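**Student:** Quick one: the structure is below, and I'll ask about it shortly.
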Amino acid sequence: MTQIEFENVYFRYNDDETWTLKNVSFQINKGETIAIIGRNGSGKSTVAKLMNGLLLPQSGTIYIDGMKVTPQTIFDIRQKVGMVFQNPENQFVGTTVLDDVAFGLENRGIPREEMIRRIDESLTKVGMSSYKQHEAHHLSGGQKQRVAIAGVIAIYPEILILDEATSMLDPIGRKSILETIDKVKQENELTCISITHDMNELSIANRVFVFHEGRLEQDTTPRHFFSSTENWKTYGLLPPLLTQFTKQIGKNGILLHTHPLTHEELIRELWK
Ligand SMILES: Nc1ncnc2c1ncn2[C@@H]1O[C@H](COP(=O)(O)OP(=O)(O)OP(=O)(O)O)[C@@H](O)[C@H]1O
């Protein structure tokens with residue numbers, strides 16, 4: 001079932017400027033995981049903000065669960081869409097970690113007991129349950145990102161948008177948060193959109209959207225994207241170690257049947 005649809009969307013921040021997004025069209029089904037990549041300024045965050053009605057297109061149409069995004073439907077749409085930005089500083093509303101996670105739940109009228117259960121559950125999931133009474137502003141960047149993610153998981157969104165939301169986490173912390181999100185996704189058939197510059201994150205997506213100068217230039221699979229050398233050059237990206245290794249052994253005559261996305265896949269391919 002199509003859950004998010006962009007139909008010939010054009011957007012610009014100011015009337016006298018060129019289009020930030022040009023004729024963007026795509027459909028995302030319920031339960032899909034999409035990685036959005038592209039150079040700085042290519043329009044990724046703008047797409048995310050259009051998905052939850054923070055911005056409205058000047059031309060074209062956006063549908064969420066079949067509902068057209070308009071000023072009249074924004075409230076209903078935001079109930080479904082949870083969004084975490086790169087800079088958690090701008091998202092904190094409560095003084096303590098607990099207040100902060102409670103905010104989204106209070107806004108949705110969740111009863112007190114259920115609220116307490118969800119706060120505990122989501123803070124435990126992101127490894128921050130012992131920080132409930134801490135002042136949010138005194139946390140480290142990575143801890144703030146964890147709390148921001150907890151705040152969004154707690155509202156049980158149908159669509160989760162992560163805009164470079166794990167960029168401040170240490171590598172082990174990031175892996176663990178991504179695994180947590182993956183678990184939440186499977187439990188709730190969550191649709192997940194992840195804007196990222198971390199090429200390793202692509203492997204957990206089922207589709208990759210590549211934005212370039214405001215256009216959706218590719219809607220492809222991670223495996224297809226990884227296997228094209230041209231992609232890395234065109235979009236100024238650094239291939240992950242796994243891709244570099246696969247390319248290097250290929251030059252030495254070891255050609256794999258499929259491009260591996262994980263270390264486990266690489267080992268399996270090598271055994272073959
Ligand atoms: N509030 C704003 N007012 C005016 N122009 C903006 C605003 N926000 C973004 N832009 C411009 O829109 C374009 C796309 O920005 P956007 O933030 O969507 O890019 P991005 O792909 O998410 O970049 P990054 O990887 O750096 O986060 C850029 O040229 C940017 O300067």
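Within each chain, counting starts at residue 1; across the structure tokens, chains are named A, B, ... in the order shown, with ligands numbered 1 upward in that order.
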May I have the residues within 6 Å of ligand 1, computed using only C-alpha atoms and all ligand atoms, as a VMD selection string?
**Tutor:** chain A and resid 13 20 39 to 46
**Student:** May I have the residues from that selection written out with C-alpha atoms, as a JSON list (two decimals), in the first residue's frame?
**Tutor:**
```
[["chain", "number", "residue", "atom", "x", "y", "z"],
["A", 13, "TYR", "CA", 12.32, 28.88, -0.11],
["A", 20, "THR", "CA", 15.29, 23.91, -4.48],
["A", 39, "ARG", "CA", 25.68, 16.08, -1.65],
["A", 40, "ASN", "CA", 25.21, 18.99, 0.77],
["A", 41, "GLY", "CA", 22.44, 21.27, -0.46],
["A", 42, "SER", "CA", 20.93, 18.70, -2.84],
["A", 43, "GLY", "CA", 17.50, 19.04, -1.16],
["A", 44, "LYS", "CA", 17.32, 16.01, 1.17],
["A", 45, "SER", "CA", 16.20, 17.85, 4.33],
["A", 46, "THR", "CA", 13.72, 19.87, 2.29]]
```
**Student:** List every residue of segment 36-217 of chain A that DSSP, applied to the backbone, labels as strand (DSSP E), and write the result as a PyMOL selection string.
**Tutor:** chain A and resi 36-38+59-64+67-68+81-84+159-163+191-195+207-212+215-217
**Student:** Measure the distance from atom CA of Gln86 of chain A to atom CA of Lys49 of chain A in Å and round it to one decimal.
**Tutor:** 12.7 Å
**Student:** Could you give me, as a ChimeraX atom specification, the residues within 12 Å of Ile74 of chain A, counting only C-alpha atoms and dropping anything in the same chain fewer than 6 positions from it?
**Tutor:** /A:49-56,62-64,67-68,80-81
**Student:** Neighbouring residues of Tyr131 of chain A were defined as those with any atom within 9 Å, considering only C-alpha atoms; residues of the same chain fewer than 6 positions away were excluded. Please report them as number ranges by chain.
**Tutor:** A: 96-98, 123
**Student:** Just checking: using only C-alpha atoms, which residue out of A:Pro111, A:Gly60, A:Pro240, A:Gly66 ends up closest to Gln3 of chain A?
**Tutor:** A:Gly66
**Student:** To one decimal in Å, tell me the separation between atom CA of Tyr156 of chain A and atom CA of Asn188 of chain A.
**Tutor:** 8.1 Å
**Student:** Pick out the residues sitting within 12 Å of Thr221 of chain A, and hand them over as number ranges by chain; count only C-alpha atoms, and ignore anything fewer than 2 positions along from it in its own chain.
**Tutor:** A: 32-36, 202-210, 218-219, 223-228, 259, 261
**Student:** Apply DSSP to the structure's backbone, then extract all residues of segment 105-183 of chain A labelled helix (DSSP H, G or I) and return them as a PyMOL selection string.
**Tutor:** chain A and resi 105-107+112-125+129-131+136-138+141-153+171-183
**Student:** May I have the selected residues written with N, CA and C atoms, as a short mmCIF file (atom, residue, chain, number, x, y, z; two decimals), in the first residue's frame?
**Tutor:**
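What ended up in out_38.cif:
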```
data_model
loop_
_atom_site.label_atom_id
_atom_site.label_comp_id
_atom_site.auth_asym_id
_atom_site.auth_seq_id
_atom_site.Cartn_x
_atom_site.Cartn_y
_atom_site.Cartn_z
N LEU A 105 4.00 12.91 23.94
CA LEU A 105 2.91 12.04 24.41
C LEU A 105 1.77 12.87 24.97
N GLU A 106 2.16 13.91 25.72
CA GLU A 106 1.12 14.81 26.29
C GLU A 106 0.32 15.45 25.16
N ASN A 107 1.05 15.88 24.12
CA ASN A 107 0.40 16.51 22.97
C ASN A 107 -0.62 15.60 22.30
N ARG A 112 -1.80 9.09 31.54
CA ARG A 112 -0.58 9.18 32.34
C ARG A 112 0.17 7.85 32.52
N GLU A 113 -0.57 6.81 32.86
CA GLU A 113 0.09 5.51 33.11
C GLU A 113 0.77 4.97 31.86
N GLU A 114 0.06 5.08 30.74
CA GLU A 114 0.59 4.62 29.47
C GLU A 114 1.82 5.48 29.09
N MET A 115 1.72 6.76 29.44
CA MET A 115 2.81 7.70 29.15
C MET A 115 4.08 7.26 29.89
N ILE A 116 3.93 6.95 31.17
CA ILE A 116 5.09 6.55 31.99
C ILE A 116 5.69 5.26 31.43
N ARG A 117 4.82 4.34 31.01
CA ARG A 117 5.30 3.07 30.46
C ARG A 117 6.11 3.33 29.18
N ARG A 118 5.57 4.21 28.32
CA ARG A 118 6.24 4.46 27.04
C ARG A 118 7.56 5.21 27.22
N ILE A 119 7.59 6.12 28.22
CA ILE A 119 8.84 6.87 28.47
C ILE A 119 9.92 5.90 28.90
N ASP A 120 9.57 5.00 29.84
CA ASP A 120 10.55 3.99 30.30
C ASP A 120 11.00 3.11 29.16
N GLU A 121 10.03 2.65 28.38
CA GLU A 121 10.32 1.74 27.28
C GLU A 121 11.26 2.39 26.26
N SER A 122 10.96 3.63 25.86
CA SER A 122 11.75 4.24 24.78
C SER A 122 13.13 4.66 25.27
N LEU A 123 13.21 5.15 26.54
CA LEU A 123 14.54 5.54 27.06
C LEU A 123 15.41 4.31 27.26
N THR A 124 14.81 3.19 27.64
CA THR A 124 15.58 1.94 27.78
C THR A 124 16.10 1.52 26.41
N LYS A 125 15.24 1.62 25.39
CA LYS A 125 15.64 1.20 24.04
C LYS A 125 16.86 1.96 23.53
N SER A 129 17.88 5.25 30.06
CA SER A 129 16.87 5.19 31.14
C SER A 129 17.38 5.76 32.47
N SER A 130 18.70 5.75 32.67
CA SER A 130 19.21 6.27 33.95
C SER A 130 19.38 7.80 33.92
N TYR A 131 18.99 8.44 32.82
CA TYR A 131 19.18 9.89 32.69
C TYR A 131 17.87 10.69 32.81
N ALA A 136 18.28 18.17 30.06
CA ALA A 136 18.51 17.82 28.65
C ALA A 136 19.67 18.63 28.06
N HIS A 137 19.76 19.90 28.44
CA HIS A 137 20.78 20.77 27.83
C HIS A 137 22.20 20.44 28.29
N HIS A 138 22.31 19.67 29.35
CA HIS A 138 23.64 19.32 29.83
C HIS A 138 24.15 17.99 29.28
N GLY A 141 26.30 15.67 22.81
CA GLY A 141 25.59 15.68 21.52
C GLY A 141 24.95 14.33 21.21
N GLY A 142 25.73 13.25 21.39
CA GLY A 142 25.22 11.91 21.09
C GLY A 142 24.09 11.51 22.03
N GLN A 143 24.22 11.90 23.32
CA GLN A 143 23.15 11.58 24.29
C GLN A 143 21.86 12.33 23.92
N LYS A 144 22.03 13.58 23.46
CA LYS A 144 20.85 14.36 23.04
C LYS A 144 20.16 13.68 21.86
N GLN A 145 20.98 13.18 20.93
CA GLN A 145 20.38 12.50 19.77
C GLN A 145 19.61 11.25 20.22
N ARG A 146 20.17 10.54 21.21
CA ARG A 146 19.47 9.36 21.72
C ARG A 146 18.12 9.74 22.32
N VAL A 147 18.11 10.83 23.11
CA VAL A 147 16.86 11.27 23.76
C VAL A 147 15.84 11.72 22.69
N ALA A 148 16.35 12.42 21.67
CA ALA A 148 15.45 12.87 20.60
C ALA A 148 14.82 11.66 19.90
N ILE A 149 15.60 10.62 19.69
CA ILE A 149 15.08 9.40 19.05
C ILE A 149 14.05 8.73 19.98
N ALA A 150 14.36 8.71 21.29
CA ALA A 150 13.41 8.12 22.25
C ALA A 150 12.07 8.86 22.19
N GLY A 151 12.15 10.19 22.12
CA GLY A 151 10.93 11.02 22.09
C GLY A 151 10.04 10.68 20.90
N VAL A 152 10.65 10.33 19.81
CA VAL A 152 9.89 10.01 18.60
C VAL A 152 9.40 8.56 18.62
N ILE A 153 10.25 7.66 19.09
CA ILE A 153 9.83 6.24 19.17
C ILE A 153 8.62 6.12 20.10
N PRO A 171 30.61 5.04 16.90
CA PRO A 171 30.27 3.94 15.99
C PRO A 171 29.48 2.81 16.64
N ILE A 172 29.87 2.42 17.87
CA ILE A 172 29.14 1.32 18.52
C ILE A 172 27.74 1.77 18.90
N GLY A 173 27.66 3.03 19.39
CA GLY A 173 26.35 3.59 19.75
C GLY A 173 25.44 3.66 18.54
N ARG A 174 26.00 4.06 17.40
CA ARG A 174 25.19 4.19 16.19
C ARG A 174 24.66 2.81 15.75
N LYS A 175 25.54 1.82 15.83
CA LYS A 175 25.14 0.47 15.42
C LYS A 175 23.99 0.00 16.31
N SER A 176 24.15 0.26 17.61
CA SER A 176 23.12 -0.22 18.54
C SER A 176 21.80 0.52 18.32
N ILE A 177 21.85 1.84 18.07
CA ILE A 177 20.60 2.59 17.83
C ILE A 177 19.95 2.13 16.52
N LEU A 178 20.77 1.87 15.50
CA LEU A 178 20.20 1.41 14.23
C LEU A 178 19.53 0.04 14.40
N GLU A 179 20.13 -0.80 15.25
CA GLU A 179 19.52 -2.11 15.51
C GLU A 179 18.19 -1.93 16.26
N THR A 180 18.20 -0.97 17.21
CA THR A 180 16.96 -0.69 17.95
C THR A 180 15.86 -0.23 16.99
N ILE A 181 16.22 0.68 16.10
CA ILE A 181 15.22 1.20 15.15
C ILE A 181 14.73 0.07 14.25
N ASP A 182 15.64 -0.81 13.88
CA ASP A 182 15.27 -1.94 13.03
C ASP A 182 14.25 -2.84 13.74
N LYS A 183 14.48 -3.05 15.06
CA LYS A 183 13.56 -3.88 15.84
C LYS A 183 12.18 -3.21 15.91
#
```
**Student:** In Å to one decimal, how far is atom CA of Asn29 of chain A from atom CA of Phe6 of chain A?
**Tutor:** 12.1 Å
